[in-house]
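Data block for run_1.txt (compact mmCIF, C-alpha atoms):
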# COMPACT_ATOMS: atom_id res chain seq x y z
CA MET A 1 17.02 -134.02 -15.10
CA SER A 2 14.04 -135.00 -12.96
CA LYS A 3 14.34 -135.31 -9.19
CA ARG A 4 13.75 -139.06 -9.35
CA LEU A 5 16.29 -139.54 -12.13
CA SER A 6 18.79 -137.33 -10.36
CA GLU A 7 18.34 -139.31 -7.17
CA ASN A 8 18.69 -142.70 -8.80
CA SER A 9 21.76 -141.60 -10.74
CA LEU A 10 23.55 -141.48 -7.41
CA ARG A 11 23.37 -145.24 -6.92
CA LEU A 12 24.83 -146.41 -10.19
CA PRO A 13 25.60 -150.03 -9.14
CA ASN A 14 21.87 -150.64 -8.67
CA LEU A 15 20.76 -148.54 -11.59
CA LEU A 16 19.34 -151.34 -13.70
CA SER A 17 18.45 -153.78 -10.96
CA PHE A 18 14.81 -154.69 -10.81
CA HIS A 19 12.90 -154.76 -7.51
CA SER A 20 9.39 -156.23 -7.49
CA PRO A 21 6.91 -155.08 -4.87
CA VAL A 22 6.46 -157.86 -2.31
CA ASN A 23 3.62 -158.95 -0.10
CA GLY A 24 3.88 -159.42 3.66
CA ARG A 25 5.53 -162.84 3.28
CA GLY A 26 8.32 -161.49 1.09
CA ALA A 27 7.07 -163.05 -2.17
CA PRO A 28 6.03 -161.09 -5.28
CA SER A 29 2.27 -160.64 -5.45
CA ALA A 30 0.29 -161.80 -8.48
CA SER A 31 -1.17 -158.34 -8.97
CA SER A 32 2.28 -156.76 -9.08
CA ASP A 33 3.35 -159.23 -11.79
CA ASN A 34 0.30 -158.28 -13.85
CA ILE A 35 1.08 -154.61 -13.46
CA LEU A 36 4.72 -155.05 -14.40
CA SER A 37 3.80 -156.99 -17.55
CA MET A 38 2.25 -153.78 -18.87
CA PHE A 39 5.64 -152.08 -19.17
CA SER A 40 8.72 -152.66 -21.30
CA ARG A 41 11.84 -154.18 -19.80
CA ARG A 42 13.78 -151.05 -20.68
CA THR A 43 11.94 -149.17 -17.91
CA ARG A 44 12.65 -151.64 -15.12
CA TRP A 45 14.83 -149.31 -13.10
CA ASN A 46 15.39 -149.24 -9.39
CA LEU A 47 12.90 -146.52 -8.44
CA GLU A 48 13.62 -146.54 -4.73
CA THR A 49 14.89 -143.24 -3.34
CA ASN A 50 18.60 -143.54 -2.63
CA PRO A 51 20.07 -143.19 0.89
CA TYR A 52 21.73 -139.85 0.09
CA SER A 53 18.43 -138.22 -0.88
CA LEU A 54 16.66 -139.79 2.11
CA ALA A 55 19.31 -138.30 4.42
CA ILE A 56 18.80 -134.84 2.91
CA GLN A 57 15.04 -135.12 3.29
CA GLU A 58 15.37 -136.13 6.94
CA HIS A 59 17.79 -133.26 7.58
CA GLN A 60 15.35 -130.77 6.03
CA ARG A 61 12.39 -132.13 7.97
CA SER A 62 14.33 -131.62 11.19
CA GLY A 63 14.55 -127.89 10.44
CA ARG A 64 18.34 -127.83 10.55
CA GLU A 65 20.36 -125.61 8.22
CA LEU A 66 21.55 -127.39 5.08
CA LEU A 67 24.60 -126.39 3.06
CA ASP A 68 24.37 -128.57 -0.04
CA LEU A 69 27.80 -128.74 -1.70
CA SER A 70 26.35 -130.88 -4.49
CA ALA A 71 24.02 -128.08 -5.71
CA SER A 72 24.37 -127.67 -9.47
CA ASN A 73 21.36 -125.52 -10.39
CA ALA A 74 22.95 -122.32 -11.68
CA THR A 75 19.68 -120.40 -11.24
CA ALA A 76 19.38 -121.21 -7.53
CA VAL A 77 22.80 -120.48 -6.03
CA GLY A 78 22.88 -116.67 -6.03
CA LEU A 79 24.51 -116.01 -9.42
CA GLN A 80 23.49 -112.78 -11.16
CA PHE A 81 21.78 -112.75 -14.57
CA ASP A 82 20.67 -109.90 -16.83
CA ARG A 83 17.00 -110.57 -16.19
CA SER A 84 15.78 -107.72 -18.39
CA ALA A 85 17.78 -108.81 -21.45
CA ILE A 86 16.81 -112.46 -21.04
CA LEU A 87 13.09 -111.73 -20.70
CA LYS A 88 13.12 -109.21 -23.55
CA SER A 89 14.72 -111.77 -25.87
CA LEU A 90 11.73 -114.08 -25.37
CA GLY A 91 9.32 -111.44 -26.69
CA ASN A 92 10.46 -111.32 -30.33
CA PRO A 93 7.38 -110.72 -32.57
CA GLU A 94 8.87 -113.11 -35.16
CA ALA A 95 7.99 -115.93 -32.78
CA LEU A 96 4.31 -115.49 -33.69
CA SER A 97 5.01 -116.96 -37.14
CA TYR A 98 5.12 -120.75 -37.52
CA ASP A 99 8.18 -121.70 -39.53
CA PRO A 100 8.97 -125.36 -38.87
CA GLN A 101 12.65 -125.98 -39.61
CA PRO A 102 13.81 -129.48 -38.62
CA ARG A 103 17.43 -128.38 -38.13
CA GLY A 104 16.29 -125.30 -36.20
CA LEU A 105 15.74 -121.70 -37.25
CA TYR A 106 18.68 -120.27 -39.16
CA VAL A 107 18.95 -117.24 -36.85
CA ALA A 108 19.61 -119.59 -33.92
CA ARG A 109 22.01 -121.86 -35.79
CA GLU A 110 23.93 -118.85 -37.09
CA ALA A 111 24.37 -117.63 -33.50
CA VAL A 112 25.76 -121.03 -32.50
CA SER A 113 28.08 -120.92 -35.52
CA ARG A 114 29.42 -117.53 -34.31
CA TYR A 115 30.00 -119.02 -30.87
CA TYR A 116 32.22 -121.72 -32.40
CA ARG A 117 34.01 -119.15 -34.53
CA GLU A 118 35.01 -117.35 -31.34
CA LEU A 119 36.43 -120.65 -30.09
CA GLY A 120 38.56 -120.82 -33.23
CA THR A 121 36.41 -123.43 -35.00
CA GLU A 122 34.74 -122.76 -38.35
CA LEU A 123 31.39 -124.51 -38.41
CA SER A 124 28.66 -123.85 -40.97
CA PRO A 125 25.13 -123.31 -39.58
CA ASP A 126 24.06 -126.02 -42.03
CA ARG A 127 26.01 -128.57 -39.99
CA LEU A 128 24.00 -127.91 -36.82
CA ILE A 129 20.85 -129.59 -35.53
CA LEU A 130 19.12 -127.82 -32.64
CA THR A 131 17.63 -129.91 -29.82
CA THR A 132 15.92 -129.13 -26.53
CA SER A 133 18.72 -130.73 -24.48
CA THR A 134 21.95 -132.65 -24.81
CA SER A 135 19.98 -135.69 -23.64
CA GLU A 136 17.81 -135.34 -26.72
CA ALA A 137 20.94 -134.85 -28.79
CA TYR A 138 22.31 -138.14 -27.46
CA SER A 139 19.07 -139.88 -28.38
CA TYR A 140 19.34 -138.52 -31.94
CA ALA A 141 22.91 -139.78 -32.26
CA PHE A 142 22.03 -143.20 -30.82
CA ARG A 143 19.05 -143.52 -33.16
CA LEU A 144 21.17 -142.53 -36.13
CA LEU A 145 24.09 -144.86 -35.44
CA CYS A 146 22.76 -147.88 -33.56
CA ASP A 147 20.45 -150.80 -34.11
CA PRO A 148 19.02 -152.50 -30.99
CA ASP A 149 21.79 -154.05 -28.87
CA ASP A 150 24.57 -152.25 -30.69
CA GLU A 151 27.30 -150.92 -28.43
CA VAL A 152 28.72 -147.51 -27.57
CA LEU A 153 31.95 -147.09 -25.61
CA ILE A 154 31.83 -144.73 -22.61
CA PRO A 155 34.59 -143.41 -20.35
CA THR A 156 34.79 -144.39 -16.72
CA PRO A 157 34.62 -142.54 -14.41
CA SER A 158 31.89 -140.53 -16.03
CA TYR A 159 28.32 -139.31 -15.77
CA PRO A 160 25.63 -141.85 -14.71
CA LEU A 161 22.89 -140.37 -16.92
CA PHE A 162 24.36 -142.31 -19.86
CA GLU A 163 22.91 -145.51 -18.42
CA TYR A 164 19.36 -144.21 -18.76
CA LEU A 165 19.85 -142.61 -22.17
CA ALA A 166 21.30 -145.79 -23.64
CA GLN A 167 18.78 -148.19 -22.13
CA ILE A 168 15.82 -146.15 -23.37
CA GLN A 169 17.32 -146.35 -26.89
CA ASP A 170 18.09 -150.12 -26.61
CA VAL A 171 21.82 -149.39 -26.81
CA LYS A 172 24.43 -151.21 -24.74
CA LEU A 173 27.17 -149.24 -23.02
CA VAL A 174 30.66 -150.71 -22.72
CA PRO A 175 33.14 -148.86 -20.47
CA TYR A 176 36.72 -147.93 -21.26
CA GLU A 177 39.01 -146.48 -18.63
CA LEU A 178 40.42 -143.08 -17.87
CA VAL A 179 43.60 -143.48 -15.84
CA TYR A 180 45.48 -141.02 -13.65
CA ASP A 181 49.18 -140.77 -14.43
CA HIS A 182 50.49 -137.21 -14.07
CA GLY A 183 46.94 -136.16 -14.99
CA TRP A 184 43.87 -137.96 -16.32
CA GLN A 185 44.14 -139.58 -19.74
CA ILE A 186 42.49 -142.16 -21.96
CA ASP A 187 43.65 -145.74 -21.49
CA PHE A 188 43.84 -146.72 -25.16
CA HIS A 189 44.57 -150.34 -24.30
CA SER A 190 41.22 -150.59 -22.49
CA LEU A 191 39.57 -148.78 -25.42
CA GLN A 192 40.93 -151.41 -27.83
CA GLN A 193 39.82 -154.21 -25.53
CA ALA A 194 36.30 -152.77 -25.22
CA ALA A 195 35.60 -152.61 -28.97
CA THR A 196 33.66 -155.43 -30.63
CA ALA A 197 31.96 -156.04 -33.96
CA ARG A 198 28.83 -154.36 -32.52
CA THR A 199 30.58 -151.15 -31.45
CA ARG A 200 29.26 -148.10 -33.30
CA ALA A 201 30.69 -145.07 -31.50
CA VAL A 202 32.97 -143.75 -28.79
CA ILE A 203 31.64 -141.20 -26.31
CA LEU A 204 34.02 -138.56 -24.96
CA VAL A 205 33.16 -135.96 -22.34
CA ASN A 206 35.46 -133.01 -23.00
CA PRO A 207 36.22 -131.93 -20.32
CA ASN A 208 35.22 -135.05 -18.48
CA ASN A 209 32.71 -135.06 -15.66
CA PRO A 210 33.88 -135.65 -12.91
CA THR A 211 37.65 -135.59 -13.61
CA GLY A 212 37.69 -132.19 -15.35
CA SER A 213 40.26 -133.47 -17.87
CA TYR A 214 40.32 -132.30 -21.50
CA VAL A 215 41.26 -134.52 -24.43
CA LYS A 216 44.90 -133.77 -25.21
CA SER A 217 46.25 -133.24 -28.72
CA TYR A 218 48.01 -136.62 -28.88
CA GLU A 219 44.85 -138.34 -27.59
CA PHE A 220 42.79 -136.50 -30.22
CA GLN A 221 45.04 -137.89 -32.98
CA GLN A 222 45.21 -141.39 -31.50
CA LEU A 223 41.45 -141.51 -31.06
CA ASN A 224 40.89 -140.56 -34.70
CA GLU A 225 43.26 -143.33 -35.79
CA PHE A 226 41.37 -145.82 -33.61
CA CYS A 227 37.98 -144.74 -34.99
CA ARG A 228 39.16 -144.84 -38.61
CA GLU A 229 40.51 -148.34 -38.09
CA LYS A 230 37.26 -149.55 -36.52
CA SER A 231 34.85 -147.42 -38.64
CA LEU A 232 33.44 -145.78 -35.53
CA ALA A 233 31.89 -142.37 -34.94
CA VAL A 234 32.83 -139.99 -32.13
CA ILE A 235 30.18 -138.49 -29.85
CA ALA A 236 31.82 -135.59 -28.01
CA ASP A 237 29.98 -134.06 -25.06
CA GLU A 238 31.41 -130.55 -24.65
CA VAL A 239 28.87 -128.92 -22.36
CA PHE A 240 31.64 -127.74 -19.99
CA PHE A 241 34.10 -126.87 -22.76
CA ASP A 242 34.15 -123.14 -21.94
CA PHE A 243 35.26 -123.64 -18.35
CA ASN A 244 38.95 -124.22 -18.90
CA LEU A 245 41.01 -123.12 -15.89
CA SER A 246 44.31 -124.67 -17.01
CA GLY A 247 45.54 -121.86 -19.24
CA LYS A 248 46.18 -124.41 -22.01
CA ALA A 249 44.33 -124.38 -25.34
CA TYR A 250 42.33 -127.43 -26.35
CA PRO A 251 40.57 -127.94 -29.70
CA SER A 252 36.82 -128.51 -29.88
CA PHE A 253 35.71 -131.74 -31.53
CA ALA A 254 33.31 -129.60 -33.59
CA GLY A 255 36.34 -128.95 -35.81
CA ASN A 256 37.26 -132.63 -36.21
CA ARG A 257 37.53 -133.40 -39.93
CA ASP A 258 39.11 -136.86 -39.78
CA VAL A 259 36.23 -139.06 -38.59
CA LEU A 260 32.46 -138.68 -38.33
CA THR A 261 31.93 -136.63 -35.18
CA PHE A 262 28.87 -135.44 -33.29
CA THR A 263 29.66 -132.61 -30.86
CA LEU A 264 27.02 -131.86 -28.23
CA SER A 265 26.60 -128.70 -26.19
CA GLY A 266 23.98 -126.17 -25.12
CA LEU A 267 22.91 -123.18 -23.07
CA SER A 268 22.44 -125.15 -19.87
CA LYS A 269 26.14 -124.92 -18.99
CA ILE A 270 27.47 -122.31 -21.46
CA SER A 271 25.12 -119.58 -20.25
CA GLY A 272 23.89 -121.15 -17.02
CA LEU A 273 20.34 -121.33 -18.39
CA PRO A 274 19.17 -124.95 -18.12
CA GLN A 275 15.51 -123.88 -18.00
CA MET A 276 15.68 -122.45 -21.53
CA LYS A 277 16.10 -125.92 -23.06
CA VAL A 278 18.44 -125.18 -25.97
CA ALA A 279 21.17 -127.54 -27.12
CA TRP A 280 22.59 -128.79 -30.39
CA VAL A 281 24.47 -131.43 -32.35
CA ALA A 282 27.33 -130.21 -34.52
CA VAL A 283 28.24 -132.69 -37.25
CA SER A 284 31.78 -132.78 -38.66
CA GLY A 285 34.07 -135.19 -40.44
CA PRO A 286 34.51 -136.40 -44.03
CA ASP A 287 31.88 -134.92 -46.35
CA GLU A 288 30.80 -138.33 -47.61
CA LEU A 289 29.72 -139.19 -44.06
CA VAL A 290 28.57 -135.77 -42.86
CA THR A 291 26.03 -135.24 -45.66
CA PRO A 292 24.03 -138.48 -45.17
CA SER A 293 24.27 -138.04 -41.40
CA LEU A 294 22.68 -134.60 -41.58
CA GLU A 295 19.99 -135.82 -43.95
CA ARG A 296 19.02 -138.60 -41.56
CA LEU A 297 19.24 -136.39 -38.47
CA GLU A 298 16.93 -133.92 -40.18
CA VAL A 299 14.29 -136.64 -40.58
CA ILE A 300 14.67 -137.61 -36.91
CA ALA A 301 14.33 -133.97 -35.85
CA ASP A 302 11.40 -133.40 -38.23
CA THR A 303 9.59 -136.33 -36.62
CA TYR A 304 9.49 -134.51 -33.28
CA LEU A 305 9.97 -130.77 -34.07
CA SER A 306 10.69 -130.25 -30.39
CA MET A 307 12.13 -126.72 -30.60
CA ASN A 308 9.75 -123.80 -30.01
CA ALA A 309 9.88 -120.46 -31.85
CA PRO A 310 10.31 -117.97 -28.95
CA ILE A 311 13.38 -119.72 -27.56
CA GLN A 312 15.01 -120.09 -30.99
CA HIS A 313 14.66 -116.38 -31.72
CA ALA A 314 16.16 -115.70 -28.29
CA VAL A 315 19.27 -117.85 -28.84
CA PRO A 316 21.54 -114.99 -30.06
CA GLU A 317 20.89 -112.97 -26.90
CA LEU A 318 20.99 -116.01 -24.60
CA LEU A 319 24.39 -116.99 -25.98
CA GLU A 320 25.59 -113.44 -25.37
CA GLN A 321 24.65 -113.90 -21.70
CA ARG A 322 27.53 -116.37 -21.36
CA ARG A 323 30.00 -113.48 -21.21
CA THR A 324 28.56 -112.18 -17.95
CA PHE A 325 27.70 -115.59 -16.52
CA GLN A 326 31.07 -117.18 -17.15

Written as structure tokens, that's how I'd like the structure from this file.
Amino acid sequence: MSKRLSENSLRLPNLLSFHSPVNGRGAPSASSDNILSMFSRRTRWNLETNPYSLAIQEHQRSGRELLDLSASNATAVGLQFDRSAILKSLGNPEALSYDPQPRGLYVAREAVSRYYRELGTELSPDRLILTTSTSEAYSYAFRLLCDPDDEVLIPTPSYPLFEYLAQIQDVKLVPYELVYDHGWQIDFHSLQQAATARTRAVILVNPNNPTGSYVKSYEFQQLNEFCREKSLAVIADEVFFDFNLSGKAYPSFAGNRDVLTFTLSGLSKISGLPQMKVAWVAVSGPDELVTPSLERLEVIADTYLSMNAPIQHAVPELLEQRRTFQ
């Protein structure tokens, strides 16, 4: 995430508010209106730096020591990585051959399939689409499922980046609630109330950011029933799935066979390597829905071909790095 995007994500209530530059008398200038007419409405974000970031900048300028408890860059907080193994993996001679595969090179998808097998989920490499980030994976899913102004249900509280991803894709987000009652859980009444004729999917973050709560078995079943009834897809963000401190076992949505499901994850969190830009979409569910979904996702991916060869050949080793990192 860019610095500007990261900063503006912190002031979610003003995320989509539009602020025109003003002249000295407080009225919008004609030149600013002309400039703004050049750009689409979907990019009319509040681009002012938020007060939190301004306070950090002032603190740093003063020369005082800063202990930033919000730091989330795994490569900049003193964690140890096998530098030699990581760098060696990027030097595979096979990367000199151009082999454009819209779903991603098989060697990389097979490594991801093994990762899921270790989680107890059988997932064929053919049901994986590699992307450069989970953000890109979201955009693929939105493009596949939604026409302009269609709706996707999102949990609240949750991650503010969804606002940007949806607006760029002309998708409307409708919140449903997570409630705390002897632990965080889905409020299925609010989920029912949020659904309309334009709803196309339900987003789950498993475990949720920021609550840290996993989807429980009974919620898993109830969610599938809800989605079958409404003919909705599930988009499951599982980037933090490996970091379960509860001692309880939770199933990955990558093994969901009941409804059309898109499970998103990647190396950014699994191996603490956000700079390597490797993520994926795992597609599961009834075969009659999975097959056409994969065919369409392949066309979307083929349009961009965003994955590069060196990083794909490195995926098996980079996934192995999770054992030390985690």

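Here atom CA of Ile300 of chain A is placed at a distance of 18.0 Å from atom CA of Ala233 of chain A.
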
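Taking atom CA of Glu238 of chain A and atom CA of Ser265 of chain A as the two end points, the separation is 5.4 Å.
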
Kindly provide the residues of segment 207-260 of chain A that approach segment 128-133 of chain A to within 12 Å, each paired with its closest atom pair and their distance in Å to one decimal, based on only C-alpha atoms, listed by chain and increasing number, as JSON lines.
{"residue": "A:Asp237", "atom": "CA", "partner": "A:Ser133", "partner_atom": "CA", "distance": 11.8}
{"residue": "A:Val239", "atom": "CA", "partner": "A:Ser133", "partner_atom": "CA", "distance": 10.5}
{"residue": "A:Ala254", "atom": "CA", "partner": "A:Leu128", "partner_atom": "CA", "distance": 10.0}

Keeping C-alpha atoms, export the residues of the selection given above as a compact mmCIF listing (two decimals), keeping the file's coordinate frame.
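Resulting contents of result11.txt:
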# COMPACT_ATOMS: atom_id res chain seq x y z
CA ASP A 237 29.98 -134.06 -25.06
CA VAL A 239 28.87 -128.92 -22.36
CA ALA A 254 33.31 -129.60 -33.59

Check your understanding: Pick from A:Ser135, A:Thr211, A:Asn256, A:Ser70: nearest to Phe162 of chain A, with all atoms listed in the file counted?
Key -> A:Ser135

Study note, to complete from the structure: Closest of A:Leu232, A:Val77, A:Val112, A:Cys227 to Glu151 of chain A, counting only C-alpha atoms, is A:Leu232

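With all atoms listed in the file as the basis for measurement, A:Val215 is the residue among A:Val215, A:Leu273, A:Ile86, A:Leu69 that approaches Asp187 of chain A most closely.
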
Point to revise | Distance criterion (only C-alpha atoms): nearest to Arg109 of chain A out of A:Ala314, A:Leu66, A:Leu79, A:Ala141 | key: A:Ala314

**Study point:** Spatial neighbours of Asp126 of chain A, 12 Å, only C-alpha atoms, chain gap at least 3 places, as number ranges by chain
**Key:** A: 101-113, 122-123, 129-130, 281-284, 290-291, 294-295, 297-298

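Going from atom CA of Gly255 of chain A to atom CA of Leu223 of chain A covers 14.4 Å.
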
Point to revise | Residue contacts of Arg42 of chain A (9 Å, all atoms listed in the file) excluding same-chain residues fewer than 4 positions away, as a ChimeraX atom specification | key: /A:16,167-170

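Shortest atom-to-atom contact with Gln221 of chain A among A:Gln193, A:Val259, A:Leu204, A:Gln326: A:Val259, counting all atoms listed in the file.
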
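Using only C-alpha atoms, the smallest distance between any of A:Asn92, A:Thr199, A:Ser139, A:Gln80 and Gln321 of chain A comes from A:Gln80.
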